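> The structure file protein.csv (CSV, C-alpha atoms and all ligand atoms) is provided below.
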chain,number,residue,atom,x,y,z
A,13,MET,CA,2.2,-23.1,-56.2
A,14,HIS,CA,0.9,-19.6,-56.2
A,15,TRP,CA,1.6,-17.7,-52.9
A,16,ARG,CA,-2.1,-17.6,-52.2
A,17,SER,CA,-2.2,-21.4,-52.1
A,18,LYS,CA,1.1,-21.5,-50.1
A,19,LEU,CA,-0.7,-19.4,-47.4
A,20,LEU,CA,-2.9,-22.5,-46.9
A,21,HIS,CA,-0.6,-25.3,-47.7
A,22,PRO,CA,2.9,-24.5,-46.3
A,23,SER,CA,5.8,-26.9,-46.6
A,24,SER,CA,8.0,-25.5,-43.8
A,25,HIS,CA,7.2,-25.9,-40.1
A,26,ALA,CA,8.6,-25.2,-36.7
A,27,PRO,CA,10.8,-28.0,-35.2
A,28,GLY,CA,8.9,-30.5,-33.1
A,29,GLY,CA,9.9,-31.8,-29.6
A,30,PHE,CA,9.1,-28.7,-27.5
A,31,ARG,CA,8.4,-29.9,-24.0
A,32,SER,CA,7.2,-27.4,-21.4
A,33,LEU,CA,5.3,-27.7,-18.2
A,34,VAL,CA,2.2,-26.1,-19.8
A,35,THR,CA,-0.6,-27.9,-21.6
A,36,PRO,CA,-0.7,-26.4,-25.1
A,37,ILE,CA,-3.7,-24.4,-26.3
A,38,TYR,CA,-5.1,-26.5,-29.1
A,39,ARG,CA,-7.6,-24.5,-31.2
A,40,GLY,CA,-9.8,-26.2,-33.7
A,41,SER,CA,-13.3,-26.7,-34.9
A,42,THR,CA,-12.5,-29.0,-37.8
A,43,VAL,CA,-10.5,-32.1,-36.9
A,44,LEU,CA,-8.7,-33.8,-39.8
A,45,PHE,CA,-9.2,-37.4,-40.6
A,46,GLU,CA,-6.3,-39.4,-42.2
A,47,LYS,CA,-8.6,-41.3,-44.6
A,48,THR,CA,-12.3,-41.5,-45.3
A,49,ALA,CA,-12.5,-44.8,-43.5
A,50,ASP,CA,-11.6,-42.9,-40.3
A,51,ILE,CA,-14.4,-40.4,-40.6
A,52,ALA,CA,-16.8,-40.7,-37.6
A,53,ASP,CA,-19.5,-38.4,-36.3
A,54,GLU,CA,-19.0,-39.4,-32.6
A,55,TRP,CA,-18.9,-37.5,-29.3
A,56,ARG,CA,-16.9,-40.1,-27.4
A,57,GLN,CA,-13.4,-38.7,-28.2
A,58,GLU,CA,-11.6,-41.0,-25.8
A,59,ALA,CA,-12.8,-44.2,-27.5
A,60,HIS,CA,-12.9,-43.1,-31.1
A,61,GLY,CA,-10.2,-40.4,-31.4
A,62,TYR,CA,-10.9,-36.7,-32.1
A,63,THR,CA,-13.7,-36.0,-34.5
A,64,TYR,CA,-14.9,-32.4,-34.0
A,65,GLY,CA,-13.8,-29.5,-31.9
A,66,LEU,CA,-17.2,-29.2,-30.2
A,67,TYR,CA,-16.6,-32.4,-28.3
A,68,GLY,CA,-13.3,-31.2,-26.9
A,69,SER,CA,-9.8,-30.3,-27.9
A,70,PRO,CA,-6.9,-31.9,-26.1
A,71,THR,CA,-6.7,-28.7,-23.8
A,72,VAL,CA,-10.3,-29.1,-22.8
A,73,LEU,CA,-10.2,-32.9,-22.4
A,74,GLU,CA,-7.0,-32.5,-20.3
A,75,LEU,CA,-8.9,-30.2,-17.9
A,76,GLY,CA,-11.8,-32.7,-17.8
A,77,ALA,CA,-9.4,-35.6,-17.0
A,78,ARG,CA,-7.8,-33.7,-14.2
A,79,ILE,CA,-11.2,-32.7,-12.6
A,80,ALA,CA,-12.4,-36.3,-12.9
A,81,GLU,CA,-9.2,-37.5,-11.1
A,82,LEU,CA,-9.7,-34.9,-8.3
A,83,ASP,CA,-13.4,-35.8,-8.0
A,84,GLY,CA,-12.7,-39.5,-8.1
A,85,ALA,CA,-15.2,-39.6,-11.0
A,86,HIS,CA,-15.6,-42.0,-13.9
A,87,TYR,CA,-15.5,-39.0,-16.3
A,88,CYS,CA,-15.9,-35.3,-16.3
A,89,PHE,CA,-17.6,-33.2,-19.1
A,90,VAL,CA,-16.3,-29.6,-19.2
A,91,VAL,CA,-19.1,-27.2,-20.1
A,92,PRO,CA,-19.3,-23.4,-20.6
A,93,GLY,CA,-20.3,-22.6,-17.0
A,94,GLY,CA,-21.7,-23.8,-13.7
A,95,GLN,CA,-25.3,-23.0,-14.8
A,96,ALA,CA,-24.7,-24.9,-18.1
A,97,ALA,CA,-23.6,-27.9,-15.9
A,98,ILE,CA,-26.8,-27.7,-14.0
A,99,ALA,CA,-28.9,-27.5,-17.2
A,100,VAL,CA,-27.2,-30.6,-18.6
A,101,VAL,CA,-28.0,-32.6,-15.5
A,102,TYR,CA,-31.7,-31.5,-15.4
A,103,LEU,CA,-32.2,-32.3,-19.1
A,104,ALA,CA,-30.4,-35.6,-18.9
A,105,PHE,CA,-32.6,-37.0,-16.1
A,106,CYS,CA,-36.0,-35.2,-16.6
A,107,THR,CA,-38.5,-35.6,-19.4
A,108,ALA,CA,-42.1,-34.5,-19.8
A,109,GLY,CA,-44.0,-35.9,-16.8
A,110,SER,CA,-41.0,-36.1,-14.5
A,111,HIS,CA,-40.9,-34.9,-11.0
A,112,GLY,CA,-37.7,-33.6,-9.4
A,113,LEU,CA,-36.5,-32.2,-6.1
A,114,VAL,CA,-34.3,-29.2,-5.4
A,115,PRO,CA,-33.4,-27.6,-2.0
A,116,TYR,CA,-34.8,-24.1,-1.5
A,117,SER,CA,-31.2,-23.0,-0.7
A,118,ALA,CA,-30.0,-24.0,-4.2
A,119,TYR,CA,-28.2,-21.6,-6.5
A,120,GLY,CA,-30.9,-19.1,-7.7
A,121,PRO,CA,-30.6,-19.6,-11.5
A,122,SER,CA,-31.0,-23.3,-10.9
A,123,LYS,CA,-34.4,-22.7,-9.4
A,124,GLU,CA,-35.2,-20.3,-12.2
A,125,LEU,CA,-34.5,-22.9,-14.8
A,126,ALA,CA,-36.6,-25.4,-12.8
A,127,HIS,CA,-39.6,-23.2,-12.6
A,128,GLY,CA,-39.1,-21.6,-16.1
A,129,LEU,CA,-37.9,-23.7,-19.0
A,130,LEU,CA,-38.4,-27.0,-17.3
A,131,LYS,CA,-41.9,-26.2,-16.2
A,132,GLY,CA,-42.7,-25.3,-19.8
A,133,LEU,CA,-41.4,-28.7,-20.9
A,134,GLY,CA,-43.9,-30.4,-18.5
A,135,ILE,CA,-41.3,-31.2,-15.8
A,136,GLU,CA,-42.4,-30.5,-12.2
A,137,ILE,CA,-39.5,-29.5,-9.9
A,138,GLU,CA,-40.5,-29.2,-6.2
A,139,THR,CA,-38.4,-27.3,-3.6
A,140,TYR,CA,-37.6,-28.9,-0.3
A,141,ASP,CA,-36.1,-27.9,3.0
A,142,PRO,CA,-32.3,-28.4,2.8
A,143,ALA,CA,-32.3,-29.8,6.4
A,144,ILE,CA,-34.7,-32.6,5.4
A,145,GLY,CA,-32.1,-35.4,5.6
A,146,SER,CA,-33.7,-38.9,5.4
A,147,GLY,CA,-37.1,-37.2,5.4
A,148,ILE,CA,-36.6,-36.8,1.7
A,149,ALA,CA,-38.1,-40.3,1.4
A,150,ALA,CA,-41.6,-38.9,2.0
A,151,LEU,CA,-41.3,-36.5,-1.0
A,152,ILE,CA,-40.2,-39.2,-3.5
A,153,ARG,CA,-42.9,-40.1,-6.0
A,154,PRO,CA,-43.1,-42.9,-8.6
A,155,ASN,CA,-42.1,-40.3,-11.3
A,156,THR,CA,-39.3,-38.7,-9.3
A,157,ALA,CA,-36.4,-38.6,-11.8
A,158,LEU,CA,-33.8,-36.5,-10.0
A,159,ILE,CA,-32.9,-35.2,-6.5
A,160,TRP,CA,-30.6,-32.2,-6.4
A,161,THR,CA,-28.4,-31.4,-3.4
A,162,GLU,CA,-26.2,-28.4,-2.8
A,163,SER,CA,-24.1,-28.2,0.3
A,164,PRO,CA,-23.7,-25.7,1.9
A,165,GLY,CA,-26.6,-23.9,0.1
A,166,SER,CA,-26.2,-20.7,-1.7
A,167,VAL,CA,-26.3,-17.5,0.4
A,168,THR,CA,-27.8,-19.1,3.6
A,169,MET,CA,-25.1,-21.8,3.8
A,170,GLU,CA,-27.2,-24.8,5.1
A,171,VAL,CA,-25.1,-28.0,5.1
A,172,GLN,CA,-27.1,-30.9,3.9
A,173,ASP,CA,-27.0,-34.5,5.1
A,174,VAL,CA,-26.1,-35.8,1.6
A,175,PRO,CA,-25.4,-39.4,2.8
A,176,ALA,CA,-28.9,-39.6,4.3
A,177,ILE,CA,-30.5,-38.2,1.2
A,178,VAL,CA,-28.5,-40.6,-1.0
A,179,ALA,CA,-29.5,-43.6,1.1
A,180,ALA,CA,-33.2,-42.7,0.8
A,181,ALA,CA,-32.9,-42.0,-2.9
A,182,LYS,CA,-31.0,-45.3,-3.6
A,183,ALA,CA,-33.7,-47.2,-1.8
A,184,ARG,CA,-36.1,-45.9,-4.5
A,185,GLY,CA,-33.7,-46.0,-7.4
A,186,VAL,CA,-33.6,-42.2,-7.8
A,187,PRO,CA,-30.4,-40.5,-8.9
A,188,VAL,CA,-28.8,-37.8,-6.7
A,189,ALA,CA,-26.9,-34.8,-8.2
A,190,LEU,CA,-24.7,-32.5,-6.1
A,191,ASP,CA,-23.6,-29.0,-6.8
A,192,ASN,CA,-20.2,-29.2,-5.2
A,193,THR,CA,-19.0,-25.7,-6.1
A,194,TYR,CA,-18.4,-24.6,-2.5
A,195,ALA,CA,-16.1,-27.5,-1.9
A,196,ALA,CA,-14.2,-26.9,-5.2
A,197,GLY,CA,-14.7,-30.6,-5.8
A,198,VAL,CA,-12.1,-31.4,-3.1
A,199,LEU,CA,-13.3,-30.4,0.4
A,200,PHE,CA,-16.3,-32.8,0.1
A,201,ASP,CA,-15.8,-36.2,-1.6
A,202,ALA,CA,-19.0,-36.4,-3.6
A,203,PHE,CA,-18.6,-39.9,-5.0
A,204,HIS,CA,-17.4,-41.4,-1.7
A,205,HIS,CA,-20.7,-40.1,-0.2
A,206,GLY,CA,-22.7,-41.9,-2.9
A,207,VAL,CA,-23.9,-39.2,-5.3
A,208,ASP,CA,-24.4,-40.1,-9.0
A,209,VAL,CA,-23.4,-36.8,-10.6
A,210,SER,CA,-21.3,-33.9,-9.1
A,211,VAL,CA,-21.3,-30.5,-10.8
A,212,GLN,CA,-19.0,-27.6,-10.1
A,213,ALA,CA,-18.7,-24.0,-11.3
A,214,LEU,CA,-15.0,-24.0,-12.3
A,215,THR,CA,-15.6,-20.3,-12.6
A,216,LYS,CA,-15.1,-20.1,-8.8
A,217,TYR,CA,-12.1,-21.9,-7.2
A,218,VAL,CA,-10.5,-23.7,-10.1
A,219,GLY,CA,-10.5,-20.5,-12.2
A,220,GLY,CA,-9.7,-18.6,-9.1
A,221,HIS,CA,-9.1,-15.2,-10.6
A,222,SER,CA,-12.5,-14.0,-11.8
A,223,ASP,CA,-11.4,-14.1,-15.4
A,224,LEU,CA,-13.2,-17.2,-16.9
A,225,LEU,CA,-16.5,-19.0,-16.9
A,226,LEU,CA,-16.5,-22.8,-17.0
A,227,GLY,CA,-18.4,-25.7,-15.4
A,228,ALA,CA,-17.8,-29.4,-14.8
A,229,VAL,CA,-20.2,-32.4,-14.8
A,230,SER,CA,-18.6,-35.4,-13.2
A,231,VAL,CA,-20.3,-38.8,-13.4
A,232,ALA,CA,-19.9,-41.9,-11.2
A,233,ASN,CA,-20.0,-44.6,-13.8
A,234,ALA,CA,-20.1,-45.7,-17.5
A,235,ALA,CA,-23.9,-45.8,-17.7
A,236,LEU,CA,-24.1,-42.2,-16.5
A,237,TYR,CA,-21.3,-41.2,-19.0
A,238,GLU,CA,-23.6,-42.5,-21.8
A,239,LYS,CA,-26.7,-40.8,-20.3
A,240,LEU,CA,-25.2,-37.4,-19.6
A,241,GLY,CA,-22.9,-37.5,-22.7
A,242,SER,CA,-25.8,-38.0,-25.1
A,243,ILE,CA,-27.6,-34.8,-23.8
A,244,TRP,CA,-24.3,-32.9,-23.4
A,245,SER,CA,-23.4,-33.5,-27.1
A,246,GLN,CA,-26.8,-32.6,-28.3
A,247,LEU,CA,-26.8,-29.3,-26.5
A,248,GLY,CA,-23.6,-28.0,-28.2
A,249,MET,CA,-21.7,-27.2,-25.1
A,250,ALA,CA,-18.6,-25.7,-26.7
A,251,VAL,CA,-15.7,-24.7,-24.5
A,252,SER,CA,-12.8,-22.4,-25.5
A,253,PRO,CA,-9.3,-23.9,-25.1
A,254,ASP,CA,-8.1,-20.6,-23.8
A,255,ASP,CA,-10.5,-20.7,-20.9
A,256,ALA,CA,-9.5,-24.4,-20.3
A,257,SER,CA,-5.9,-23.3,-20.3
A,258,LEU,CA,-6.5,-20.7,-17.6
A,259,ALA,CA,-8.4,-23.3,-15.6
A,260,LEU,CA,-5.5,-25.7,-15.8
A,261,ARG,CA,-3.2,-22.9,-14.5
A,262,GLY,CA,-5.7,-22.2,-11.7
A,263,LEU,CA,-5.6,-25.8,-10.6
A,264,GLN,CA,-1.8,-25.5,-9.9
A,265,THR,CA,-2.4,-22.9,-7.2
A,266,MET,CA,-5.8,-24.0,-5.9
A,267,GLY,CA,-4.3,-25.9,-2.9
A,268,ILE,CA,-2.5,-22.9,-1.6
A,269,ARG,CA,-5.3,-20.5,-2.3
A,270,LEU,CA,-7.9,-22.6,-0.6
A,271,GLU,CA,-5.7,-23.0,2.5
A,272,ARG,CA,-5.2,-19.2,2.8
A,273,LEU,CA,-8.8,-18.4,2.0
A,274,GLU,CA,-10.0,-20.8,4.7
A,275,SER,CA,-7.9,-19.2,7.4
A,276,SER,CA,-8.6,-15.6,6.4
A,277,THR,CA,-12.3,-16.3,6.1
A,278,LEU,CA,-12.5,-17.9,9.5
A,279,LYS,CA,-10.7,-14.9,11.0
A,280,VAL,CA,-13.2,-12.4,9.5
A,281,ALA,CA,-16.2,-14.6,10.4
A,282,LYS,CA,-15.2,-15.0,14.0
A,283,TRP,CA,-14.6,-11.3,14.3
A,284,LEU,CA,-18.1,-10.6,13.0
A,285,GLN,CA,-19.6,-13.1,15.5
A,286,ASP,CA,-18.4,-10.8,18.3
A,287,ARG,CA,-20.0,-7.6,16.9
A,288,ALA,CA,-23.1,-6.4,18.7
A,289,GLU,CA,-24.7,-5.3,15.3
A,290,VAL,CA,-24.5,-8.9,14.0
A,291,GLU,CA,-27.4,-11.3,14.8
A,292,THR,CA,-25.8,-14.4,13.3
A,293,VAL,CA,-22.9,-15.5,11.2
A,294,LEU,CA,-23.7,-18.3,8.6
A,295,HIS,CA,-20.4,-20.2,8.1
A,296,PRO,CA,-20.5,-24.0,8.2
A,297,ALA,CA,-17.3,-24.2,10.4
A,298,LEU,CA,-19.0,-22.1,13.2
A,299,PRO,CA,-20.9,-24.2,15.7
A,300,ASP,CA,-24.1,-22.2,15.5
A,301,SER,CA,-24.4,-22.4,11.7
A,302,PRO,CA,-27.1,-24.7,10.2
A,303,GLY,CA,-25.7,-28.2,9.6
A,304,HIS,CA,-22.4,-27.5,11.4
A,305,GLU,CA,-22.2,-31.1,12.8
A,306,ILE,CA,-22.8,-32.6,9.4
A,307,TRP,CA,-20.0,-30.3,8.0
A,308,LYS,CA,-17.7,-31.5,10.7
A,309,ARG,CA,-18.5,-35.1,9.8
A,310,ASP,CA,-18.3,-34.9,6.0
A,311,PHE,CA,-16.0,-32.0,4.9
A,312,LYS,CA,-12.2,-31.6,4.8
A,313,GLY,CA,-12.3,-27.9,5.2
A,314,SER,CA,-14.2,-24.7,4.6
A,315,ALA,CA,-14.0,-22.1,1.8
A,316,SER,CA,-14.1,-18.3,1.3
A,317,VAL,CA,-17.8,-17.5,1.0
A,318,PHE,CA,-20.2,-17.0,4.0
A,319,SER,CA,-23.0,-14.7,5.1
A,320,PHE,CA,-23.9,-12.7,8.2
A,321,VAL,CA,-27.3,-11.2,9.3
A,322,LEU,CA,-27.5,-7.8,10.9
A,323,GLU,CA,-29.6,-7.3,13.9
A,324,SER,CA,-33.3,-6.8,13.2
A,325,LYS,CA,-33.4,-3.0,13.9
A,326,VAL,CA,-31.1,-2.4,11.0
A,327,SER,CA,-33.3,-1.3,8.1
A,328,ARG,CA,-32.8,-2.5,4.5
A,329,GLU,CA,-31.5,1.0,3.5
A,330,LYS,CA,-28.9,0.9,6.3
A,331,VAL,CA,-27.7,-2.5,5.2
A,332,SER,CA,-27.2,-1.1,1.7
A,333,ALA,CA,-25.4,2.0,3.1
A,334,PHE,CA,-23.2,-0.3,5.2
A,335,VAL,CA,-22.2,-2.3,2.2
A,336,ASP,CA,-21.7,0.9,0.1
A,337,SER,CA,-19.3,2.3,2.8
A,338,LEU,CA,-16.9,-0.7,2.5
A,339,THR,CA,-13.9,0.2,0.5
A,340,LEU,CA,-11.8,-3.0,0.2
A,341,PHE,CA,-14.9,-5.2,-0.4
A,342,ARG,CA,-16.2,-4.6,-3.8
A,343,LYS,CA,-19.8,-5.3,-5.0
A,344,GLY,CA,-20.3,-8.0,-7.6
A,345,PHE,CA,-21.7,-11.5,-8.3
A,346,SER,CA,-19.8,-14.7,-8.2
A,347,TRP,CA,-16.9,-15.6,-5.7
A,348,GLY,CA,-13.9,-17.8,-5.3
A,349,GLY,CA,-11.4,-15.3,-6.9
A,350,THR,CA,-8.7,-13.2,-5.3
A,351,ALA,CA,-10.8,-10.1,-4.5
A,352,SER,CA,-13.1,-9.7,-1.5
A,353,LEU,CA,-16.7,-9.0,-2.4
A,354,ALA,CA,-19.9,-8.1,-0.5
A,355,MET,CA,-23.4,-8.7,-1.7
A,356,VAL,CA,-26.9,-7.8,-0.4
A,357,TYR,CA,-30.1,-9.9,-1.0
A,358,PRO,CA,-33.1,-7.6,-0.4
A,359,ASP,CA,-35.4,-10.1,-2.1
A,360,LEU,CA,-34.0,-13.3,-0.6
A,361,ARG,CA,-36.8,-15.8,0.0
A,362,ARG,CA,-36.2,-18.5,2.6
A,363,PRO,CA,-39.1,-20.0,4.5
A,364,ASN,CA,-39.2,-19.3,8.3
A,365,ARG,CA,-36.0,-17.2,8.4
A,366,GLY,CA,-36.9,-13.5,8.0
A,367,TYR,CA,-33.4,-12.7,6.8
A,368,GLU,CA,-34.7,-10.6,3.9
A,369,GLY,CA,-32.8,-7.4,3.5
A,370,ARG,CA,-30.5,-8.0,6.6
A,371,LEU,CA,-28.2,-10.6,5.1
A,372,VAL,CA,-24.8,-9.7,3.7
A,373,ARG,CA,-22.8,-12.3,1.8
A,374,LEU,CA,-19.0,-11.9,1.8
A,375,ASN,CA,-16.4,-13.5,-0.4
A,376,ILE,CA,-13.0,-13.2,1.3
A,377,GLY,CA,-10.1,-12.7,-1.1
A,378,LEU,CA,-6.3,-12.8,-0.7
A,379,GLU,CA,-6.0,-9.4,1.0
A,380,GLU,CA,-4.6,-9.3,4.6
A,381,PRO,CA,-7.5,-10.3,6.8
A,382,ASP,CA,-6.7,-7.5,9.3
A,383,ASP,CA,-7.2,-5.0,6.6
A,384,LEU,CA,-10.6,-6.5,5.7
A,385,ILE,CA,-11.6,-6.4,9.4
A,386,ASP,CA,-10.6,-2.7,9.6
A,387,ASP,CA,-12.8,-2.1,6.5
A,388,LEU,CA,-15.7,-3.8,8.2
A,389,ARG,CA,-15.0,-1.9,11.5
A,390,GLN,CA,-15.2,1.5,9.8
A,391,ALA,CA,-18.4,0.6,8.1
A,392,PHE,CA,-19.9,-0.5,11.5
A,393,ASP,CA,-18.7,2.8,13.0
A,394,ARG,CA,-20.5,4.7,10.2
A,395,LEU,CA,-23.6,2.7,10.8
A,396,ARG,CA,-23.6,3.5,14.5
A,397,ALA,CA,-22.7,7.2,13.9
A,398,GLY,CA,-25.8,7.3,11.6
A,399,ASP,CA,-27.9,5.9,14.3
A,400,GLN,CA,-26.7,8.3,16.9
A,401,ALA,CA,-27.2,11.3,14.6
A,402,GLU,CA,-30.8,10.1,14.1
A,403,GLN,CA,-31.4,9.7,17.8
A,404,LYS,CA,-30.2,13.3,18.5
A,405,LEU,CA,-32.4,14.6,15.8
A,406,PHE,CA,-35.4,12.9,17.3
A,407,SER,CA,-34.7,13.9,20.9
A,408,ALA,CA,-34.0,17.5,19.9
A,409,ALA,CA,-37.2,17.8,17.9
A,410,PRO,CA,-39.9,19.8,19.9
A,411,VAL,CA,-43.0,17.9,20.8
A,412,GLY,CA,-45.7,18.2,18.2
A,413,SER,CA,-43.3,18.9,15.4
A,414,PHE,CA,-44.2,15.7,13.5
B,501,LIG,C1,-21.7,-19.6,-9.4
B,501,LIG,C2,-22.4,-20.9,-9.1
B,501,LIG,C3,-23.0,-21.6,-10.2
B,501,LIG,C4,-23.0,-21.1,-11.6
B,501,LIG,O1,-21.7,-21.0,-12.2
B,501,LIG,P1,-21.5,-20.1,-13.5
B,501,LIG,O2,-20.2,-20.6,-13.9
B,501,LIG,O3,-21.4,-18.6,-13.0
B,501,LIG,O4,-22.6,-20.3,-14.4
B,501,LIG,C5,-23.7,-22.8,-9.9
B,501,LIG,N1,-23.8,-23.2,-8.7
B,501,LIG,C6,-23.2,-22.5,-7.6
B,501,LIG,C7,-23.4,-23.1,-6.2
B,501,LIG,C8,-22.6,-21.4,-7.8
B,501,LIG,O5,-22.1,-20.7,-6.8
For the structure just supplied, provide its representation as structure tokens.
Ligand SMILES: *Cc1c(COP(=O)(O)O)cnc(C)c1O


Amino acid sequence: MHWRSKLLHPSSHAPGGFRSLVTPIYRGSTVLFEKTADIADEWRQEAHGYTYGLYGSPTVLELGARIAELDGAHYCFVVPGGQAAIAVVYLAFCTAGSHGLVPYSAYGPSKELAHGLLKGLGIEIETYDPAIGSGIAALIRPNTALIWTESPGSVTMEVQDVPAIVAAAKARGVPVALDNTYAAGVLFDAFHHGVDVSVQALTKYVGGHSDLLLGAVSVANAALYEKLGSIWSQLGMAVSPDDASLALRGLQTMGIRLERLESSTLKVAKWLQDRAEVETVLHPALPDSPGHEIWKRDFKGSASVFSFVLESKVSREKVSAFVDSLTLFRKGFSWGGTASLAMVYPDLRRPNRGYEGRLVRLNIGLEEPDDLIDDLRQAFDRLRAGDQAEQKLFSAAPVGSF
């Protein structure tokens, strides 16, 4: 053979039998068939063997299998991100003329999808109060095709009574999906509590280091595997084996990270509760937080993300200045990694709350919590020093000078 052909058809290979603790990174778009009789265009790789890289390499399917095991699911589809997971669920259950329900505390881009693309497809998604519980029954219509839950909710952290919502939905034959990202799939047992589909942004706690984007769609039974799998395969949800490999690494330390993040976060949250500048701390493990009793009943622990609301006299600008004066907390989207983050929500819309502009969301990382508290303390000091300077300025100003 010419050397050019040898480049593609080598006859020497590395020895086999290498056994390490690590799942190998299998790359591949094309999958080889032994003989033409084996050729199949089929997304069900478990049943039919590997057919095409889009439907999952062994690295990606290993990650899916492990998430399914942790979730107690029938099966888990690994997808490119948490938002992709949400899209698969919406599109699998809703068609033109469908009605769906999503809590107003749901992840922002989920609502954008509902009121953007889905609306254009003739699907009506209605938002509901996350505290509705069994009252959801009154919102179910003959064409209701899907009820979303997310607990605790994004940013405002409302814990939902998922079992009550499931009971009302089951009575009318409506499937319930849960965004279980906060619980990392492990702090809340989605399938034990009766949901049909549980999604998770693996980007957060499974990845755990802010270096990958992945999502999971776990289903309760074989019928849902068929229903979700059909849509998942049509949407071309390709996942990189490198990212799956990082997620598999993340899983190994998730137990110890969650434990540490929970205790550090509680320490910071409780410290904030005692500050005069803070009106309320929204953390499900704190008794005053919305849905705390439900959290205590249903959850095995709490995680690293929570919010606090500054007292009403603090202006929007001062909240921004407060966050800008933090040095250990960095500003950025997403959470669940090793770094502490702070985020402001000047346009947050939550009915009957009036939190707009005063709410700060924190993600606690693996820094020493006392250092994080010191950082918050110096930012509060600056906030107060700013107030005092302003007061002096006003009292020193001669009457009539305005
Ligand atoms: C981050 C997040 C998502 C989206 O995950 P990506 O991987 O960033 O697409 C979905 N749901 C919740 C609750 C999230 O926090």

> Rounded to one decimal, what separation in Å do you get between atom O3 of ligand LIG 501 (chain B) and atom CA of A:Ser352?

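These atoms are spaced 16.7 Å apart.
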
> When distances are computed from only C-alpha atoms and all ligand atoms, which of A:Thr63, A:Ser332, A:Thr168, A:Thr35 shows the smallest separation from ligand LIG 501 (chain B)?

A:Thr168

> Which one of A:Pro299, A:His60, A:Ile306, A:Phe392 sits closest to A:Lys330 if you count all atoms listed in the file?

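Once distances to A:Lys330 are computed over all atoms listed in the file, the minimum belongs to A:Phe392.
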
> Which one of A:Ala234, A:Leu384, A:Ala126, A:Ala297 sits closest to A:Phe311 if you count all atoms listed in the file?

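Looking only at the distances to A:Phe311, the closest residue turns out to be A:Ala297.
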
> Using all atoms listed in the file, can you tell me which of A:Val293, A:Val114, A:Leu388, A:Ala97 comes closest to ligand LIG 501 (chain B)?

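Of all the options, A:Ala97 lies closest to ligand LIG 501 (chain B).
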
> Pick the closest to ligand LIG 501 (chain B) from A:Ile98, A:Leu103, A:Ile137, A:Leu270: which is it, counting all atoms listed in the file?

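Of A:Ile98, A:Leu103, A:Ile137, A:Leu270, the one nearest ligand LIG 501 (chain B) is A:Ile98, counting all atoms listed in the file.
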
> Let me make sure I understand: among A:Leu151, A:Leu130, A:Val335, A:Val326, which one has the smallest atom-to-atom distance to A:Gln390 if we use all atoms listed in the file?

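Closest to A:Gln390, using all atoms listed in the file: A:Val335.
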
> Please report as a Markdown table every residue of chain A lying within 9 Å of ligand LIG 501 (chain B), along with the nearest atom pair and their distance in Å (one decimal), using only C-alpha atoms and all ligand atoms.


| residue | atom | partner | partner_atom | distance |
| --- | --- | --- | --- | --- |
| A:Pro92 | CA | B:LIG501 | O2 | 7.3 |
| A:Gly93 | CA | B:LIG501 | O2 | 3.7 |
| A:Gly94 | CA | B:LIG501 | O1 | 3.2 |
| A:Gln95 | CA | B:LIG501 | O4 | 3.8 |
| A:Ala96 | CA | B:LIG501 | O4 | 6.3 |
| A:Ala97 | CA | B:LIG501 | O4 | 7.8 |
| A:Ile98 | CA | B:LIG501 | C5 | 7.1 |
| A:Ala118 | CA | B:LIG501 | C7 | 7.0 |
| A:Tyr119 | CA | B:LIG501 | C7 | 5.0 |
| A:Gly120 | CA | B:LIG501 | N1 | 8.3 |
| A:Pro121 | CA | B:LIG501 | C4 | 7.7 |
| A:Ser122 | CA | B:LIG501 | C5 | 7.4 |
| A:Glu162 | CA | B:LIG501 | C7 | 6.9 |
| A:Ser163 | CA | B:LIG501 | C7 | 8.3 |
| A:Pro164 | CA | B:LIG501 | C7 | 8.5 |
| A:Gly165 | CA | B:LIG501 | C7 | 7.1 |
| A:Ser166 | CA | B:LIG501 | C7 | 5.8 |
| A:Val167 | CA | B:LIG501 | O5 | 8.9 |
| A:Asp191 | CA | B:LIG501 | C7 | 5.9 |
| A:Asn192 | CA | B:LIG501 | C7 | 7.0 |
| A:Thr193 | CA | B:LIG501 | C7 | 5.1 |
| A:Tyr194 | CA | B:LIG501 | C7 | 6.4 |
| A:Val211 | CA | B:LIG501 | N1 | 8.0 |
| A:Gln212 | CA | B:LIG501 | N1 | 6.7 |
| A:Ala213 | CA | B:LIG501 | O1 | 4.3 |
| A:Leu214 | CA | B:LIG501 | O2 | 6.4 |
| A:Thr215 | CA | B:LIG501 | O2 | 4.8 |
| A:Lys216 | CA | B:LIG501 | C1 | 6.6 |
| A:Leu224 | CA | B:LIG501 | O2 | 8.3 |
| A:Leu225 | CA | B:LIG501 | O2 | 5.0 |
| A:Leu226 | CA | B:LIG501 | O2 | 5.3 |
| A:Gly227 | CA | B:LIG501 | O2 | 5.6 |
| A:Phe345 | CA | B:LIG501 | C1 | 8.2 |
| A:Ser346 | CA | B:LIG501 | C1 | 5.4 |
| A:Trp347 | CA | B:LIG501 | C1 | 7.3 |
| A:Gly348 | CA | B:LIG501 | O5 | 8.8 |

> Could you state the separation of atom CA of A:Gly61 and atom CA of A:Ala49 in Å, given to one decimal place?

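These atoms are spaced 13.1 Å apart.
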
> Report, in Å to a single decimal, how far apart atom CA of A:Ala181 and atom CA of A:Tyr237 are.

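We find that atom CA of A:Tyr237 and atom CA of A:Ala181 lie 19.9 Å from each other.
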